[in-house]
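S.K.: Just one file: start-v6.json, with JSON, C-alpha atoms and all ligand atoms.
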```
[["chain", "number", "residue", "atom", "x", "y", "z"],
["A", 1, "MET", "CA", 17.55, 2.30, -18.76],
["A", 2, "ILE", "CA", 19.74, 2.12, -21.86],
["A", 3, "GLY", "CA", 23.21, 3.35, -20.90],
["A", 4, "ALA", "CA", 25.30, 3.08, -17.77],
["A", 5, "GLY", "CA", 27.35, 6.28, -17.97],
["A", 6, "ASN", "CA", 27.16, 9.46, -15.90],
["A", 7, "ILE", "CA", 23.55, 10.42, -16.54],
["A", 8, "ALA", "CA", 22.23, 6.84, -16.43],
["A", 9, "TRP", "CA", 24.01, 6.36, -13.10],
["A", 10, "HIS", "CA", 22.40, 9.46, -11.56],
["A", 11, "LEU", "CA", 18.92, 8.88, -12.99],
["A", 12, "THR", "CA", 18.87, 5.21, -12.01],
["A", 13, "HIS", "CA", 19.85, 6.01, -8.43],
["A", 14, "GLU", "CA", 17.51, 8.99, -8.17],
["A", 15, "PHE", "CA", 14.47, 7.19, -9.63],
["A", 16, "THR", "CA", 15.09, 4.11, -7.46],
["A", 17, "LYS", "CA", 15.35, 6.31, -4.35],
["A", 18, "ASN", "CA", 12.05, 7.98, -5.23],
["A", 19, "GLY", "CA", 9.99, 4.87, -5.87],
["A", 20, "ILE", "CA", 10.33, 4.51, -9.66],
["A", 21, "ARG", "CA", 11.59, 1.00, -10.35],
["A", 22, "ILE", "CA", 14.27, 0.60, -12.99],
["A", 23, "ASP", "CA", 13.61, -2.87, -14.40],
["A", 24, "LYS", "CA", 16.78, -3.32, -16.37],
["A", 25, "ILE", "CA", 20.04, -1.61, -17.29],
["A", 26, "ILE", "CA", 21.06, -2.24, -20.90],
["A", 27, "ASN", "CA", 24.59, -1.25, -21.88],
["A", 28, "ARG", "CA", 27.04, -1.99, -24.68],
["A", 29, "ASN", "CA", 29.80, -2.88, -22.19],
["A", 30, "ILE", "CA", 28.45, -5.24, -19.60],
["A", 31, "GLU", "CA", 30.65, -4.23, -16.64],
["A", 32, "PRO", "CA", 29.22, -0.72, -15.96],
["A", 33, "ALA", "CA", 25.69, -2.15, -16.35],
["A", 34, "ARG", "CA", 26.44, -4.93, -13.87],
["A", 35, "LYS", "CA", 27.85, -2.44, -11.34],
["A", 36, "LEU", "CA", 24.92, -0.03, -11.60],
["A", 37, "ALA", "CA", 22.41, -2.90, -11.46],
["A", 38, "LEU", "CA", 24.03, -4.28, -8.32],
["A", 39, "GLU", "CA", 23.88, -0.84, -6.68],
["A", 40, "THR", "CA", 20.19, -0.32, -7.46],
["A", 41, "GLY", "CA", 18.61, -3.79, -7.60],
["A", 42, "ALA", "CA", 17.88, -3.71, -11.35],
["A", 43, "ALA", "CA", 18.55, -6.52, -13.84],
["A", 44, "PHE", "CA", 21.27, -5.97, -16.45],
["A", 45, "THR", "CA", 22.19, -7.06, -19.95],
["A", 46, "ASN", "CA", 24.10, -6.09, -23.08],
["A", 47, "ASP", "CA", 21.25, -7.31, -25.28],
["A", 48, "PHE", "CA", 19.49, -4.28, -26.79],
["A", 49, "SER", "CA", 16.29, -6.08, -27.86],
["A", 50, "VAL", "CA", 13.41, -4.26, -26.20],
["A", 51, "SER", "CA", 10.56, -5.23, -28.52],
["A", 52, "ASN", "CA", 8.94, -7.42, -25.84],
["A", 53, "SER", "CA", 9.68, -5.00, -23.02],
["A", 54, "ASP", "CA", 6.84, -4.43, -20.60],
["A", 55, "SER", "CA", 8.58, -1.42, -19.03],
["A", 56, "ASP", "CA", 6.39, 1.70, -19.25],
["A", 57, "ILE", "CA", 9.32, 3.87, -20.24],
["A", 58, "ILE", "CA", 12.67, 3.30, -21.96],
["A", 59, "ILE", "CA", 15.31, 5.95, -21.27],
["A", 60, "LEU", "CA", 18.12, 6.30, -23.80],
["A", 61, "ALA", "CA", 20.87, 7.79, -21.63],
["A", 62, "ILE", "CA", 23.65, 7.42, -24.17],
["A", 63, "ASN", "CA", 25.99, 9.65, -26.18],
["A", 64, "ASP", "CA", 24.21, 11.99, -28.58],
["A", 65, "SER", "CA", 26.08, 10.43, -31.50],
["A", 66, "ALA", "CA", 24.89, 6.92, -30.51],
["A", 67, "ILE", "CA", 21.15, 7.68, -30.23],
["A", 68, "LYS", "CA", 20.43, 7.31, -33.96],
["A", 69, "HIS", "CA", 22.57, 4.19, -34.23],
["A", 70, "VAL", "CA", 20.86, 2.48, -31.28],
["A", 71, "LEU", "CA", 17.38, 3.50, -32.53],
["A", 72, "GLU", "CA", 18.15, 1.70, -35.79],
["A", 73, "ARG", "CA", 18.79, -1.51, -33.85],
["A", 74, "ILE", "CA", 15.78, -1.54, -31.53],
["A", 75, "ASN", "CA", 12.04, -1.98, -31.94],
["A", 76, "VAL", "CA", 9.89, -0.06, -29.49],
["A", 77, "SER", "CA", 6.34, -1.35, -29.21],
["A", 78, "ASN", "CA", 4.21, -0.07, -26.33],
["A", 79, "SER", "CA", 6.72, 1.79, -24.18],
["A", 80, "ILE", "CA", 7.35, 5.51, -24.17],
["A", 81, "ILE", "CA", 10.94, 6.18, -25.25],
["A", 82, "LEU", "CA", 12.95, 9.20, -24.05],
["A", 83, "HIS", "CA", 16.42, 10.58, -24.54],
["A", 84, "THR", "CA", 18.36, 12.79, -22.13],
["A", 85, "SER", "CA", 20.25, 14.95, -24.60],
["A", 86, "GLY", "CA", 20.31, 18.74, -24.65],
["A", 87, "SER", "CA", 21.05, 18.98, -28.35],
["A", 88, "THR", "CA", 19.20, 16.10, -30.03],
["A", 89, "ASP", "CA", 15.90, 16.97, -31.70],
["A", 90, "LEU", "CA", 12.72, 15.22, -30.54],
["A", 91, "GLU", "CA", 12.06, 14.29, -34.17],
["A", 92, "ILE", "CA", 14.86, 11.71, -34.03],
["A", 93, "PHE", "CA", 12.17, 9.31, -32.68],
["A", 94, "LYS", "CA", 9.72, 9.92, -35.54],
["A", 95, "GLY", "CA", 8.80, 6.63, -37.21],
["A", 96, "LYS", "CA", 10.64, 4.69, -34.49],
["A", 97, "ALA", "CA", 8.03, 4.83, -31.72],
["A", 98, "ASN", "CA", 4.45, 5.96, -31.20],
["A", 99, "ARG", "CA", 5.06, 7.80, -27.96],
["A", 100, "TYR", "CA", 8.31, 9.54, -27.24],
["A", 101, "GLY", "CA", 9.92, 12.49, -25.51],
["A", 102, "VAL", "CA", 12.89, 14.16, -23.89],
["A", 103, "LEU", "CA", 13.98, 14.39, -20.27],
["A", 104, "TYR", "CA", 17.04, 16.66, -20.16],
["A", 105, "PRO", "CA", 18.43, 17.50, -16.72],
["A", 106, "LEU", "CA", 20.32, 20.78, -16.88],
["A", 107, "GLN", "CA", 23.30, 20.05, -14.66],
["A", 108, "SER", "CA", 26.79, 18.65, -15.00],
["A", 109, "PHE", "CA", 26.81, 15.03, -13.76],
["A", 110, "THR", "CA", 29.67, 12.73, -12.94],
["A", 111, "LYS", "CA", 29.21, 9.20, -11.59],
["A", 112, "TYR", "CA", 29.53, 8.94, -7.80],
["A", 113, "VAL", "CA", 29.59, 12.75, -7.34],
["A", 114, "PRO", "CA", 26.41, 13.59, -5.38],
["A", 115, "VAL", "CA", 23.97, 16.19, -6.74],
["A", 116, "ASP", "CA", 20.87, 17.61, -5.02],
["A", 117, "PHE", "CA", 18.47, 16.52, -7.77],
["A", 118, "SER", "CA", 15.48, 18.35, -6.29],
["A", 119, "LYS", "CA", 17.13, 21.61, -7.46],
["A", 120, "VAL", "CA", 18.12, 20.43, -10.94],
["A", 121, "PRO", "CA", 16.00, 22.00, -13.72],
["A", 122, "ILE", "CA", 14.62, 19.29, -15.99],
["A", 123, "CYS", "CA", 13.61, 20.29, -19.53],
["A", 124, "ILE", "CA", 10.92, 18.07, -20.99],
["A", 125, "GLU", "CA", 9.23, 17.68, -24.36],
["A", 126, "ALA", "CA", 6.91, 15.02, -25.79],
["A", 127, "SER", "CA", 5.22, 13.66, -28.90],
["A", 128, "ASP", "CA", 1.73, 14.31, -27.48],
["A", 129, "LYS", "CA", -0.14, 15.72, -24.49],
["A", 130, "HIS", "CA", -0.67, 12.44, -22.67],
["A", 131, "THR", "CA", 3.00, 11.47, -22.97],
["A", 132, "LEU", "CA", 3.97, 14.94, -21.75],
["A", 133, "GLY", "CA", 1.86, 14.31, -18.64],
["A", 134, "VAL", "CA", 3.64, 11.00, -18.00],
["A", 135, "ILE", "CA", 7.10, 12.58, -18.42],
["A", 136, "MET", "CA", 6.09, 15.47, -16.17],
["A", 137, "TYR", "CA", 5.03, 13.02, -13.48],
["A", 138, "LEU", "CA", 8.25, 11.02, -13.89],
["A", 139, "ALA", "CA", 10.49, 14.12, -13.76],
["A", 140, "GLY", "CA", 8.47, 15.44, -10.82],
["A", 141, "THR", "CA", 9.44, 12.44, -8.71],
["A", 142, "ILE", "CA", 13.06, 13.64, -8.67],
["A", 143, "SER", "CA", 12.97, 17.42, -9.17],
["A", 144, "LYS", "CA", 10.82, 20.40, -8.29],
["A", 145, "ARG", "CA", 11.95, 22.37, -11.36],
["A", 146, "ILE", "CA", 10.27, 21.08, -14.50],
["A", 147, "HIS", "CA", 10.30, 23.18, -17.69],
["A", 148, "ILE", "CA", 8.47, 22.38, -20.90],
["A", 149, "LEU", "CA", 10.76, 23.44, -23.78],
["A", 150, "ASN", "CA", 10.67, 22.59, -27.47],
["A", 151, "SER", "CA", 13.77, 21.20, -29.21],
["A", 152, "GLU", "CA", 14.86, 24.59, -30.54],
["A", 153, "LYS", "CA", 14.73, 26.27, -27.10],
["A", 154, "ARG", "CA", 16.36, 23.24, -25.43],
["A", 155, "GLN", "CA", 19.31, 23.51, -27.83],
["A", 156, "ILE", "CA", 19.71, 27.19, -26.96],
["A", 157, "VAL", "CA", 19.66, 26.33, -23.22],
["A", 158, "HIS", "CA", 22.20, 23.56, -23.82],
["A", 159, "LEU", "CA", 24.50, 25.92, -25.73],
["A", 160, "ALA", "CA", 24.20, 28.52, -22.95],
["A", 161, "GLY", "CA", 25.04, 25.80, -20.41],
["A", 162, "VAL", "CA", 28.16, 24.83, -22.37],
["A", 163, "ILE", "CA", 29.40, 28.41, -22.32],
["A", 164, "ALA", "CA", 28.50, 29.11, -18.67],
["A", 165, "ASN", "CA", 29.68, 25.80, -17.23],
["A", 166, "ASN", "CA", 32.21, 24.14, -19.53],
["A", 167, "PHE", "CA", 33.98, 27.33, -20.57],
["A", 168, "THR", "CA", 34.14, 28.73, -17.02],
["A", 169, "ASN", "CA", 35.52, 25.42, -15.80],
["A", 170, "HIS", "CA", 38.10, 25.38, -18.59],
["A", 171, "LEU", "CA", 39.24, 28.90, -17.71],
["A", 172, "ILE", "CA", 39.77, 27.75, -14.12],
["A", 173, "VAL", "CA", 41.70, 24.65, -15.31],
["A", 174, "LYS", "CA", 44.01, 26.84, -17.43],
["A", 175, "THR", "CA", 44.45, 29.32, -14.57],
["A", 176, "PHE", "CA", 45.31, 26.57, -12.08],
["A", 177, "ASP", "CA", 47.86, 25.08, -14.52],
["A", 178, "TYR", "CA", 49.44, 28.52, -14.90],
["A", 179, "LEU", "CA", 49.72, 29.00, -11.13],
["A", 180, "GLU", "CA", 51.15, 25.50, -10.73],
["A", 181, "LYS", "CA", 53.78, 26.16, -13.40],
["A", 182, "ASN", "CA", 54.80, 29.25, -11.41],
["A", 183, "LYS", "CA", 54.84, 27.24, -8.15],
["A", 184, "ILE", "CA", 52.02, 29.25, -6.57],
["A", 185, "ASP", "CA", 49.37, 27.53, -4.42],
["A", 186, "LYS", "CA", 46.12, 27.46, -6.44],
["A", 187, "GLN", "CA", 44.10, 27.55, -3.21],
["A", 188, "LEU", "CA", 44.94, 31.27, -3.10],
["A", 189, "LEU", "CA", 42.31, 31.82, -5.81],
["A", 190, "MET", "CA", 39.50, 29.82, -4.20],
["A", 191, "PRO", "CA", 37.84, 32.66, -2.20],
["A", 192, "LEU", "CA", 37.82, 34.79, -5.36],
["A", 193, "ILE", "CA", 36.21, 32.00, -7.40],
["A", 194, "GLU", "CA", 33.61, 31.41, -4.67],
["A", 195, "GLU", "CA", 32.80, 35.12, -4.52],
["A", 196, "THR", "CA", 32.34, 35.24, -8.31],
["A", 197, "ILE", "CA", 29.55, 32.65, -8.07],
["A", 198, "ASN", "CA", 28.04, 34.21, -4.91],
["A", 199, "LYS", "CA", 27.85, 37.62, -6.60],
["A", 200, "ILE", "CA", 26.09, 36.18, -9.65],
["A", 201, "GLU", "CA", 23.41, 34.72, -7.37],
["A", 202, "LYS", "CA", 22.96, 37.94, -5.41],
["A", 203, "ASP", "CA", 23.40, 40.68, -8.05],
["A", 204, "ASN", "CA", 23.17, 41.27, -11.73],
["A", 205, "PRO", "CA", 26.45, 39.81, -13.13],
["A", 206, "CYS", "CA", 26.64, 42.76, -15.50],
["A", 207, "GLU", "CA", 27.07, 45.08, -12.50],
["A", 208, "ALA", "CA", 29.40, 42.68, -10.67],
["A", 209, "GLN", "CA", 32.07, 42.83, -13.41],
["A", 210, "THR", "CA", 35.40, 44.34, -12.28],
["A", 211, "GLY", "CA", 38.99, 44.24, -13.57],
["A", 212, "PRO", "CA", 41.25, 45.96, -16.12],
["A", 213, "ALA", "CA", 39.00, 45.30, -19.14],
["A", 214, "ARG", "CA", 35.94, 46.62, -17.27],
["A", 215, "ARG", "CA", 37.97, 49.80, -16.49],
["A", 216, "LYS", "CA", 39.40, 49.82, -20.02],
["A", 217, "ASP", "CA", 42.88, 50.02, -18.48],
["A", 218, "ILE", "CA", 44.86, 49.36, -21.66],
["A", 219, "ASN", "CA", 48.30, 49.64, -19.93],
["A", 220, "ILE", "CA", 47.52, 46.79, -17.51],
["A", 221, "ILE", "CA", 46.01, 44.66, -20.28],
["A", 222, "GLU", "CA", 49.11, 45.12, -22.47],
["A", 223, "ASN", "CA", 51.36, 44.32, -19.54],
["A", 224, "HIS", "CA", 49.40, 41.12, -18.82],
["A", 225, "LEU", "CA", 49.64, 40.09, -22.49],
["A", 226, "LYS", "CA", 53.43, 40.66, -22.33],
["A", 227, "ILE", "CA", 53.70, 38.46, -19.23],
["A", 228, "LEU", "CA", 51.76, 35.74, -21.07],
["A", 229, "HIS", "CA", 54.15, 35.67, -24.06],
["A", 230, "ASN", "CA", 55.15, 32.06, -23.26],
["A", 231, "GLU", "CA", 51.52, 30.97, -22.79],
["A", 232, "PRO", "CA", 49.98, 31.42, -26.26],
["A", 233, "GLU", "CA", 46.65, 29.68, -25.50],
["A", 234, "LEU", "CA", 46.08, 31.56, -22.26],
["A", 235, "LYS", "CA", 47.15, 34.77, -23.98],
["A", 236, "ASP", "CA", 44.55, 34.24, -26.74],
["A", 237, "LEU", "CA", 41.82, 33.55, -24.17],
["A", 238, "TYR", "CA", 42.85, 36.64, -22.19],
["A", 239, "LYS", "CA", 42.69, 38.80, -25.31],
["A", 240, "VAL", "CA", 39.39, 37.46, -26.68],
["A", 241, "ILE", "CA", 37.59, 37.84, -23.35],
["A", 242, "SER", "CA", 39.10, 41.25, -22.57],
["A", 243, "ASP", "CA", 38.01, 42.49, -26.02],
["A", 244, "SER", "CA", 34.51, 41.16, -25.38],
["A", 245, "ILE", "CA", 34.29, 42.90, -21.98],
["A", 246, "ILE", "CA", 35.49, 46.20, -23.46],
["A", 247, "ALA", "CA", 33.02, 45.94, -26.36],
["A", 248, "TYR", "CA", 30.19, 45.20, -23.90],
["A", 249, "TYR", "CA", 30.80, 48.19, -21.60],
["A", 250, "TYR", "CA", 32.19, 50.76, -24.10],
["A", 251, "LYS", "CA", 29.82, 50.26, -27.03],
["A", 301, "LIG", "N1", 26.79, 14.04, -17.90],
["A", 301, "LIG", "C1", 26.11, 15.15, -17.92],
["A", 301, "LIG", "O1", 26.45, 16.11, -17.23],
["A", 301, "LIG", "C2", 24.84, 15.25, -18.76],
["A", 301, "LIG", "C3", 23.86, 16.18, -18.38],
["A", 301, "LIG", "C4", 22.68, 16.27, -19.11],
["A", 301, "LIG", "C5", 22.51, 15.47, -20.24],
["A", 301, "LIG", "N2", 23.50, 14.60, -20.62],
["A", 301, "LIG", "C6", 23.28, 13.79, -21.84],
["A", 301, "LIG", "O2", 23.15, 12.41, -21.47],
["A", 301, "LIG", "C7", 23.69, 11.60, -22.52],
["A", 301, "LIG", "C8", 24.75, 10.68, -21.93],
["A", 301, "LIG", "O3", 25.78, 11.46, -21.35],
["A", 301, "LIG", "P1", 26.76, 10.86, -20.23],
["A", 301, "LIG", "O4", 27.47, 12.00, -19.61],
["A", 301, "LIG", "O5", 26.02, 9.90, -19.37],
["A", 301, "LIG", "O6", 27.78, 10.07, -21.15],
["A", 301, "LIG", "P2", 28.85, 8.95, -20.70],
["A", 301, "LIG", "O7", 29.06, 8.97, -19.24],
["A", 301, "LIG", "O8", 30.00, 9.11, -21.61],
["A", 301, "LIG", "O9", 28.09, 7.57, -21.06],
["A", 301, "LIG", "C9", 27.80, 7.28, -22.39],
["A", 301, "LIG", "C10", 26.91, 6.06, -22.48],
["A", 301, "LIG", "O10", 26.58, 5.87, -23.86],
["A", 301, "LIG", "C11", 26.94, 4.54, -24.23],
["A", 301, "LIG", "N3", 27.35, 4.54, -25.64],
["A", 301, "LIG", "C12", 28.27, 5.33, -26.25],
["A", 301, "LIG", "N4", 28.38, 5.02, -27.56],
["A", 301, "LIG", "C13", 27.52, 4.01, -27.79],
["A", 301, "LIG", "C14", 27.16, 3.25, -28.94],
["A", 301, "LIG", "N5", 27.72, 3.50, -30.15],
["A", 301, "LIG", "N6", 26.24, 2.28, -28.83],
["A", 301, "LIG", "C15", 25.65, 2.03, -27.62],
["A", 301, "LIG", "N7", 25.94, 2.70, -26.47],
["A", 301, "LIG", "C16", 26.86, 3.69, -26.57],
["A", 301, "LIG", "C17", 28.07, 4.18, -23.32],
["A", 301, "LIG", "O11", 28.19, 2.78, -23.27],
["A", 301, "LIG", "P3", 29.59, 2.06, -22.89],
["A", 301, "LIG", "O12", 29.66, 2.06, -21.37],
["A", 301, "LIG", "O13", 29.42, 0.71, -23.46],
["A", 301, "LIG", "O14", 30.68, 2.89, -23.52],
["A", 301, "LIG", "C18", 27.58, 4.78, -22.00],
["A", 301, "LIG", "O15", 26.61, 3.97, -21.38],
["A", 301, "LIG", "C19", 24.20, 12.55, -23.60],
["A", 301, "LIG", "O16", 23.20, 12.75, -24.54],
["A", 301, "LIG", "C20", 24.44, 13.84, -22.82],
["A", 301, "LIG", "O17", 24.35, 14.98, -23.65],
["A", 301, "LIG", "C21", 24.65, 14.47, -19.90]]
```
Could you write out this structure as structure tokens?

M.R.:
Amino acid sequence: MIGAGNIAWHLTHEFTKNGIRIDKIINRNIEPARKLALETGAAFTNDFSVSNSDSDIIILAINDSAIKHVLERINVSNSIILHTSGSTDLEIFKGKANRYGVLYPLQSFTKYVPVDFSKVPICIEASDKHTLGVIMYLAGTISKRIHILNSEKRQIVHLAGVIANNFTNHLIVKTFDYLEKNKIDKQLLMPLIEETINKIEKDNPCEAQTGPARRKDINIIENHLKILHNEPELKDLYKVISDSIIAYYYK
């Protein structure tokens, strides 16, 4: 396992739990590698030389921007090498290894925050059929939801995930800050947020949409924008999303 961040932490624990031995954690900073190795019984090092590795698979669980840089420094001989990125093309491995692939778990991971991995969709891709079989087996040890996607489709899924997860989360962060500034308990909103997610699971989100923009109630929208005159960022978000809702329902 190259990397000892969020995704490396989850994959190392999950594989170890499910009978896949992680031989060694390799990380630039030694301390996170040492910690993860102690938790899972792996060896650890900050030495990136893997040319004599007899591990079947090397997983590059590092920042997208570091993948190319690390690949320039290592020599892969017999092992299959994988990355875990949603937006890095499979071709990044071309000329660097004979057998390579992608294992991209579509979930938001943070170290020490538990996730039910059996429900996490894992998008896989490989240099050849045999390698694809190996990655499918590997991914299947930790999840029941394996999807074969090429790099182009994986990037689209990643982009969709950024909008659905990161942007929704950011809207909630901004909303909570706004309530806090006005000395209102943010817990008041929790049942509404929970219901938003429940409704998406049960119904078509298109039909679940409510609110002033859905009703095209311009008076309320203008009033809200007036109230937000001291909150320029929130005001811009409010306007952009309201305009998008109106355009969607009143084409
Ligand atoms: N977290 C998620 O929710 C998630 C989900 C799916 C896929 N992914 C993908 O998984 C990959 C890792 O994400 P992450 O969330 O685990 O990131 P992270 O927690 O920030 O960890 C980044 C890891 O990359 C290493 N690294 C960064 N720059 C490096 C460099 N120049 N040379 C060598 N190592 C370097 C870091 O080492 P140091 O400890 O030495 O800094 C650390 O081990 C990314 O491609 C990401 O897109 C993440």

S.K.: With all atoms listed in the file counted and 6 Å as the cut-off, give the residues of chain A in contact with ligand LIG 301 (chain A), each with its shortest interatomic distance in Å and the pair that gives it, as CSV.

M.R.:
```
residue,atom,partner,partner_atom,distance
A:Gly3,CA,A:LIG301,O15,3.5
A:Ala4,CA,A:LIG301,O15,3.9
A:Gly5,CA,A:LIG301,O9,3.4
A:Asn6,CA,A:LIG301,O5,3.7
A:Ile7,CA,A:LIG301,O5,3.8
A:Ala8,CA,A:LIG301,O5,5.7
A:Asn27,CA,A:LIG301,O13,5.4
A:Arg28,CA,A:LIG301,O13,3.8
A:Asn29,CA,A:LIG301,O13,3.8
A:Ala61,CA,A:LIG301,C7,4.8
A:Ile62,CA,A:LIG301,O10,3.3
A:Asn63,CA,A:LIG301,C19,4.3
A:Asp64,CA,A:LIG301,O16,4.2
A:Ala66,CA,A:LIG301,N5,4.5
A:Val70,CA,A:LIG301,N6,5.9
A:Thr84,CA,A:LIG301,O2,4.9
A:Ser85,CA,A:LIG301,O16,3.7
A:Gly86,CA,A:LIG301,O17,5.6
A:Tyr104,CA,A:LIG301,C5,5.6
A:Pro105,CA,A:LIG301,C4,5.0
A:Leu106,CA,A:LIG301,C4,5.6
A:Gln107,CA,A:LIG301,C3,5.4
A:Ser108,CA,A:LIG301,O1,3.4
A:Phe109,CA,A:LIG301,O1,3.7
A:Thr110,CA,A:LIG301,N1,5.9
```

S.K.: Write out as an NGL selection string each polymer residue whose atoms come within 12 Å of Ile193 of chain A, counting all atoms listed in the file; drop sequence neighbours fewer than 2 positions from it.

M.R.: :A and (168-169 or 171-172 or 175-176 or 186-191 or 195-200)

S.K.: With all atoms listed in the file as the atoms that count, which of A:Ile67, A:Ile59, A:Leu225, A:Ala213 lies nearest to Ile241 of chain A?

M.R.: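 Comparing A:Ile67, A:Ile59, A:Leu225, A:Ala213 against Ile241 of chain A, the winner is A:Ala213.
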
S.K.: Have a look at A:Leu237, A:Cys123, A:Leu36, A:Ile80 and name the one nearest to Asp54 of chain A; count all atoms listed in the file.

M.R.: A:Ile80

S.K.: Can you pull out every residue within 6 Å of segment 126-129 of chain A, counting all atoms listed in the file, but drop anything in the same chain fewer than 5 positions away, and send it as a list in words?

M.R.: Arg99, Tyr100 and Gly101 of chain A

S.K.: Just how far from atom CA of Met1 of chain A is atom CA of Pro121 of chain A, in Å to one decimal?

M.R.: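 So the two atoms, atom CA of Pro121 of chain A and atom CA of Met1 of chain A, lie 20.4 Å apart.
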
S.K.: For Ile30 of chain A, please output as a tab-separated table (two decimals) with C-alpha atoms, in the coordinates of the input all residues within 10 Å (counting all atoms listed in the file; exclusion window: fewer than 3 positions along the same chain).

M.R.:
```
chain	number	residue	atom	x	y	z
A	4	ALA	CA	25.30	3.08	-17.77
A	25	ILE	CA	20.04	-1.61	-17.29
A	26	ILE	CA	21.06	-2.24	-20.90
A	27	ASN	CA	24.59	-1.25	-21.88
A	33	ALA	CA	25.69	-2.15	-16.35
A	34	ARG	CA	26.44	-4.93	-13.87
A	35	LYS	CA	27.85	-2.44	-11.34
A	44	PHE	CA	21.27	-5.97	-16.45
A	45	THR	CA	22.19	-7.06	-19.95
A	46	ASN	CA	24.10	-6.09	-23.08
A	47	ASP	CA	21.25	-7.31	-25.28
```

S.K.: What is the atom CA of Glu180 of chain A to atom CA of Lys235 of chain A distance in Å?

M.R.: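 Straight-line distance from atom CA of Glu180 of chain A to atom CA of Lys235 of chain A works out to 16.7 Å.
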
S.K.: Using the file's own x, y and z axes, so that the box edges lie along x, y and z, what centre and edge lengths in Å (one decimal) does a box around every listed atom of segment 209-219 of chain A get when 5 Å is added on each side? Give it as JSON.

M.R.:
```
{"center_x": 40.2, "center_y": 46.4, "center_z": -17.0, "size_x": 26.2, "size_y": 17.2, "size_z": 19.4}
```

S.K.: Nearest to Asn75 of chain A among A:Ile246, A:Ile58, A:Ala97, A:Leu149, with distances taken over all atoms listed in the file: which residue is it?

M.R.: A:Ala97

S.K.: Have a look at atom CA of Ile57 of chain A and atom CA of Ile148 of chain A and let me know their distance in Å, one decimal.

M.R.: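 Distance reported for this atom pair: 18.5 Å.
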
S.K.: List the spatial neighbours of Arg73 of chain A as a PyMOL selection string - criterion: any atom at most 8 Å away, only C-alpha atoms, same-chain residues fewer than 4 positions off excluded.

M.R.: chain A and resi 48-49+69

S.K.: Point out the residue among A:Pro232, A:His13, A:Asp217, A:Ile2 with the least atom-to-atom distance to Tyr112 of chain A, counting only C-alpha atoms.

M.R.: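 Going through A:Pro232, A:His13, A:Asp217, A:Ile2 one by one, the smallest distance to Tyr112 of chain A is for A:His13.
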